Amino acid sequence: MLALDIRNLNKSYPAFQLKDVTFQLEQGYIMGFIGANGAGKTTTIKSILNLLHIDSGEVHVLGKSMAEHELELKQEIGYAFGGVDFYTRSKLKTLTDAIRRFYKHWDEDAYRGYLRRFKLDENKKIAELSAGMKVKYSLALALSHGAKLLILDEPTSGLDPVSRDDLLDIFQSLVVDGEISILFSTHITSDLEKCADFITFIDNGRVIRSSEKNEFVETYRLLNGKESELNDVKDKLISYKINSFGFTGLIHAADFDPSSGIPSTVPNLEEIMIYFARKEHSHV
Amino acid sequence: MNVAISSASDKPIYQQLFEQISAQILKGELRSGYFLPPIRQAALELRISVITVKKAWEELERCGLIHTVTGKGCFVAEFTPEEMLRIRNDMILKQMAVDAAYYKSFGLTLEEVFELMRKIF
């Protein structure tokens, strides 16, 4: 079953648009949603959750249309946008007490467990929490009502390496039964290299590619050639840099002829993002 | 079973998993009938994605090294000594093909490779 099925989302702003955003996440897996700042990650996530009005497109969650079953489906979705930054003068326990009432399946034990794991003190005020603690508090809320789909916008940003590692561990334990699915956006791609099963890459409002992670990186090659070889491949490169050792450039694996003798490697996620970003600059 | 994953290696992670487990099977360290951990459990413990483990297990099965019983999991297959030899040789040839390409890029002849190999073997 598909935990998340997004088809042809369109949303226009005066200076930016989401164009035919389409991707699917199978139940029980982790998908990393990557893209540069301003590429459309948060806009897409808000569209999924019906937090903004889309121009066209369809969102299905756990097999049901979000447009028709929004209230029911939101019981099944846990979401977090960075840290909690409202009612900052309230204590955590006051805010939690208000939020828990919205959920039929609020799991107090799970919530207590996350408070302990994240070392959160319920008697503190939101305003007294550090940026990382605010993120952890919002995650504790998102994880404590038995959600089947977690949609998290930049959950690891602002966290120190130990907390990030702990969080990735939590993500992997959550999907171990194959019931829960996780979509999380990030630009810290090292978080995804290991734990993500699928990658969706958005650039300038369009999904460049959404596929299994290995397949995703293997669609590209990073070339490392002599400057004299550049002209042979130049027009096929997504973008390139020249230095005193030659050039490095990103190319679609399908456009690359290995018999050309130009040394090539499979790029990592970060390299793919960087070369796509350079492409934009070179067109400006 | 003993597995060490390196994220700094050039080899894809599923490949590392496959190579390490198949070597242990072919050396007889993992006997036939040995149950591999469930895919999702292995992914959690190794801190790698579910699909990566799935791919490695599939590759092991394709090579005839493990069998899957629905609902029970994957276990090390049973083979005759001849089969074991054939699978081992296939794997070694694969690695040799990679190494041979490297030697060829320096223009070495087979005799030269032998001579150098003798020094370190």
# chains A, B, ... in the order shown; residues from 1 in each chain; ligands from 1

$ residues_around --residues "Ser6 of chain B" --least-positions-apart "3" --cutoff "12 Å" --atoms "only C-alpha atoms" --output "list in words"
Glu193 and Lys194 of chain A; Val3, Ser9, Asp10, Lys11, Pro12, Ile13, Tyr14, Gln15, Gln16, Leu17, Gln20, Leu46, Arg47 and Ile48 of chain B

$ residues_around --residues "Cys74 of chain B" --least-positions-apart "3" --cutoff "7 Å" --atoms "only C-alpha atoms" --output "short mmCIF file (atom, residue, chain, number, x, y, z; two decimals) with N, CA, C and O atoms, in the first residue's frame"
data_model
loop_
_atom_site.label_atom_id
_atom_site.label_comp_id
_atom_site.auth_asym_id
_atom_site.auth_seq_id
_atom_site.Cartn_x
_atom_site.Cartn_y
_atom_site.Cartn_z
N PHE B 35 20.18 -19.21 10.02
CA PHE B 35 19.17 -18.20 9.71
C PHE B 35 19.75 -16.79 9.73
O PHE B 35 20.37 -16.39 10.73
N LEU B 36 19.57 -16.09 8.62
CA LEU B 36 19.98 -14.68 8.59
C LEU B 36 18.96 -13.86 9.36
O LEU B 36 17.77 -14.22 9.38
N ILE B 66 21.68 -18.43 -0.41
CA ILE B 66 20.65 -18.54 0.63
C ILE B 66 19.30 -18.89 0.00
O ILE B 66 19.11 -18.71 -1.21
N HIS B 67 18.39 -19.37 0.83
CA HIS B 67 17.02 -19.63 0.40
C HIS B 67 16.07 -18.86 1.28
O HIS B 67 16.38 -18.58 2.43
N THR B 68 14.91 -18.53 0.72
CA THR B 68 13.90 -17.84 1.51
C THR B 68 12.71 -18.76 1.72
O THR B 68 12.24 -19.38 0.77
N VAL B 69 12.26 -18.85 2.95
CA VAL B 69 11.00 -19.55 3.23
C VAL B 69 10.02 -18.48 3.69
O VAL B 69 10.28 -17.80 4.68
#

$ atom_distance --atom1 "atom CA of Leu192 of chain A" --atom2 "atom CA of Arg112 of chain A"
27.6 Å

$ closest_residue --among "A:Tyr240, A:Phe102, A:Phe198, A:Phe256" --to "chain B" --atoms "only C-alpha atoms"
A:Phe198

$ closest_atom_pairs --of "chain B" --to "chain A" --cutoff "6 Å" --atoms "only C-alpha atoms" --output "JSON lines"
{"residue": "B:Arg40", "atom": "CA", "partner": "A:Val176", "partner_atom": "CA", "distance": 5.3}
{"residue": "B:Leu44", "atom": "CA", "partner": "A:Gln172", "partner_atom": "CA", "distance": 5.6}
{"residue": "B:Ile48", "atom": "CA", "partner": "A:Lys194", "partner_atom": "CA", "distance": 4.8}
{"residue": "B:Ser49", "atom": "CA", "partner": "A:Cys195", "partner_atom": "CA", "distance": 4.4}
{"residue": "B:Ile51", "atom": "CA", "partner": "A:Asp197", "partner_atom": "CA", "distance": 5.7}
